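Q: Pasting in a structure now, in structure tokens, and then I'll have a few things to ask.
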Amino acid sequence: MPVSAQTRINGVLYGASLEKEILDAIVAILMASKLVKRGAPVNTLDRSLLLKRTDVSLSAFSFLFAEILSYSQNRSLGVQDLEKRLSEFGYRVGIRTLELLWFREKQGKRETKVLQTLYFIHSNLWKYLFGKQADSLEKSTENEDEYMISDNEPNITKYISIPKEFSSLNCGAFIAGIVEAVLDGCQFPSRVTAHSTATEVFPLRTTILIKFDKSVLNREGNLK
């Protein structure tokens, strides 16, 4: 049984070009400065990069994300391969988003310390993409190079239904890809993965686990 969602394009596959078209559409939605009424002419190049983004349609994003999930599943060998593909999609979105946020909110300046960068992701990035800050940012008590960002109710999984045979699938891999791209772009190489940390109150709770490269910790130590 395939991963299902409330929105699909009649289960039709449109060829290799669909991947780029869907990705471009998702990037456009996530970065939109406003929603435009149907029929209104829009020229992206005419929009100012300084315009602040307002709310965009969650249903539109869910529609496209459901297609990414369906498209990726039909080309995956298993759950791990599917999560890898979702992460790669997220990575491409993250790189583009970081460039825009740097210009709008940081005037081209980047953070130089781990905690500052993680706070930027936890607050600025999350609020920009998902309309709210992440629910928690924690440092691992076991490994010095690991941090965790948790979201109690990720927007991307609201309309996704996972069958039993795909019970280990975490669609948060898409978010993990975004975070990894942002960290790479900020010169903090790391390995980022998504894990389900469901509770009775928050059954969709997802934790993004960040494991920094040794070079990051060495550099951090030299800055102290």
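So you can find residues: chains in the structure tokens are A, B, ... in the order shown, residues in each start at 1, and ligands are numbered from 1 in order.
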Give me the residues within 10 Å of Phe174 in chain A as a ChimeraX atom specification, counting only C-alpha atoms and dropping any in the same chain fewer than 2 places off.
A: /A:65,69,83-94,156,170-172,176-179,193-194
Q: Just the selected residues (N, CA and C atoms), exported as a short mmCIF file (atom, residue, chain, number, x, y, z; two decimals), in the first residue's frame, please.
A:
data_model
loop_
_atom_site.label_atom_id
_atom_site.label_comp_id
_atom_site.auth_asym_id
_atom_site.auth_seq_id
_atom_site.Cartn_x
_atom_site.Cartn_y
_atom_site.Cartn_z
N PHE A 65 3.48 18.79 -1.26
CA PHE A 65 4.32 17.87 -0.49
C PHE A 65 3.81 16.43 -0.65
N LEU A 69 6.02 13.26 -1.95
CA LEU A 69 6.07 11.99 -1.24
C LEU A 69 5.70 10.83 -2.16
N GLU A 83 13.39 8.27 2.70
CA GLU A 83 13.77 9.36 3.59
C GLU A 83 14.96 10.13 3.02
N LYS A 84 15.87 9.42 2.38
CA LYS A 84 17.02 10.09 1.77
C LYS A 84 16.57 11.03 0.66
N ARG A 85 15.62 10.59 -0.13
CA ARG A 85 15.11 11.43 -1.21
C ARG A 85 14.40 12.67 -0.65
N LEU A 86 13.61 12.47 0.41
CA LEU A 86 12.93 13.61 1.03
C LEU A 86 13.94 14.61 1.59
N SER A 87 15.00 14.07 2.19
CA SER A 87 16.05 14.93 2.73
C SER A 87 16.72 15.73 1.62
N GLU A 88 16.94 15.10 0.48
CA GLU A 88 17.57 15.79 -0.65
C GLU A 88 16.68 16.91 -1.17
N PHE A 89 15.37 16.66 -1.21
CA PHE A 89 14.43 17.72 -1.60
C PHE A 89 14.53 18.88 -0.62
N GLY A 90 14.52 18.54 0.68
CA GLY A 90 14.60 19.57 1.71
C GLY A 90 15.89 20.37 1.63
N TYR A 91 16.99 19.69 1.31
CA TYR A 91 18.29 20.35 1.21
C TYR A 91 18.24 21.45 0.15
N ARG A 92 17.63 21.15 -0.96
CA ARG A 92 17.56 22.12 -2.05
C ARG A 92 16.70 23.32 -1.67
N VAL A 93 15.65 23.07 -0.89
CA VAL A 93 14.82 24.17 -0.40
C VAL A 93 15.60 25.00 0.62
N GLY A 94 16.34 24.32 1.50
CA GLY A 94 17.08 25.00 2.56
C GLY A 94 18.12 25.96 2.03
N ILE A 156 4.12 19.85 7.99
CA ILE A 156 4.20 19.02 6.78
C ILE A 156 3.53 17.66 6.95
N ASN A 170 9.65 8.59 8.51
CA ASN A 170 9.47 9.90 9.14
C ASN A 170 9.59 10.96 8.05
N CYS A 171 8.46 11.59 7.75
CA CYS A 171 8.46 12.63 6.71
C CYS A 171 9.23 13.87 7.15
N GLY A 172 9.59 13.92 8.42
CA GLY A 172 10.41 15.01 8.91
C GLY A 172 11.79 15.03 8.27
N ALA A 176 14.70 17.86 8.02
CA ALA A 176 16.11 17.59 8.33
C ALA A 176 17.01 18.04 7.18
N GLY A 177 16.56 17.82 5.96
CA GLY A 177 17.33 18.26 4.80
C GLY A 177 17.46 19.77 4.75
N ILE A 178 16.38 20.47 5.10
CA ILE A 178 16.42 21.94 5.13
C ILE A 178 17.44 22.42 6.16
N VAL A 179 17.39 21.82 7.36
CA VAL A 179 18.30 22.22 8.44
C VAL A 179 19.75 21.94 8.05
N THR A 193 19.30 14.29 10.94
CA THR A 193 18.29 13.26 10.72
C THR A 193 17.03 13.58 11.51
N ALA A 194 15.92 12.99 11.09
CA ALA A 194 14.63 13.23 11.75
C ALA A 194 14.20 11.97 12.48
#
Q: Within range 71-156 of chain A, find each residue whose DSSP state, derived from the backbone, is strand (DSSP E), and express the selection as a list in words.
A: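 Restricting range 71-156 of chain A to strand (DSSP E) produces Ser136, Leu137, Glu138, Lys139, Glu146, Tyr147, Met148, Ile149, Ser150 and Asp151 of chain A.
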Q: Quick one: which range 156-214 of chain A residues come within 9 Å of range 116-124 of chain A, and what is the nearest atom pair for each with the distance in Å to one decimal, counting only C-alpha atoms, rows ordered by chain and ascending number, as a Markdown table?
A:
| residue | atom | partner | partner_atom | distance |
| --- | --- | --- | --- | --- |
| A:Val179 | CA | A:Ile121 | CA | 7.3 |
| A:Val182 | CA | A:Ile121 | CA | 8.0 |
| A:Leu183 | CA | A:Thr117 | CA | 7.7 |
| A:Cys186 | CA | A:Thr117 | CA | 7.8 |
| A:Phe188 | CA | A:Thr117 | CA | 8.7 |
Q: Using only C-alpha atoms, find the one residue out of A:Phe61, A:Phe103, A:Phe212, A:Phe202 that sits nearest to Asn143 in chain A.
A: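 Comparing A:Phe61, A:Phe103, A:Phe212, A:Phe202 against Asn143 in chain A, the winner is A:Phe212.
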Q: Name the closest residue to Arg191 in chain A among the candidates A:Leu209, A:Ile175, A:Leu204, A:Ile68; distances are taken between atoms, counting only C-alpha atoms.
A: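 Counting only C-alpha atoms, the residue closest to Arg191 in chain A is A:Leu209.
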Q: May I ask which of the residues A:Val192, A:Leu129, A:Ile160, A:Leu100 is the closest one to Ala66 in chain A, counting only C-alpha atoms?
A: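 Counting only C-alpha atoms, the residue closest to Ala66 in chain A is A:Ile160.
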Q: As a ChimeraX atom specification, which residues of range 68-220 of chain A does DSSP assign to helix (DSSP H, G or I)?
A: /A:68-73,79-105,114-130,155-157,164-166,173-185,214-220
Q: How many Å lie between CA of Thr199 in chain A and CA of Ser150 in chain A, rounded to one decimal?
A: 12.2 Å
Q: I'd like the interatomic distance between CA of Leu137 in chain A and CA of Leu115 in chain A, to a tenth of an Å.
A: 9.7 Å
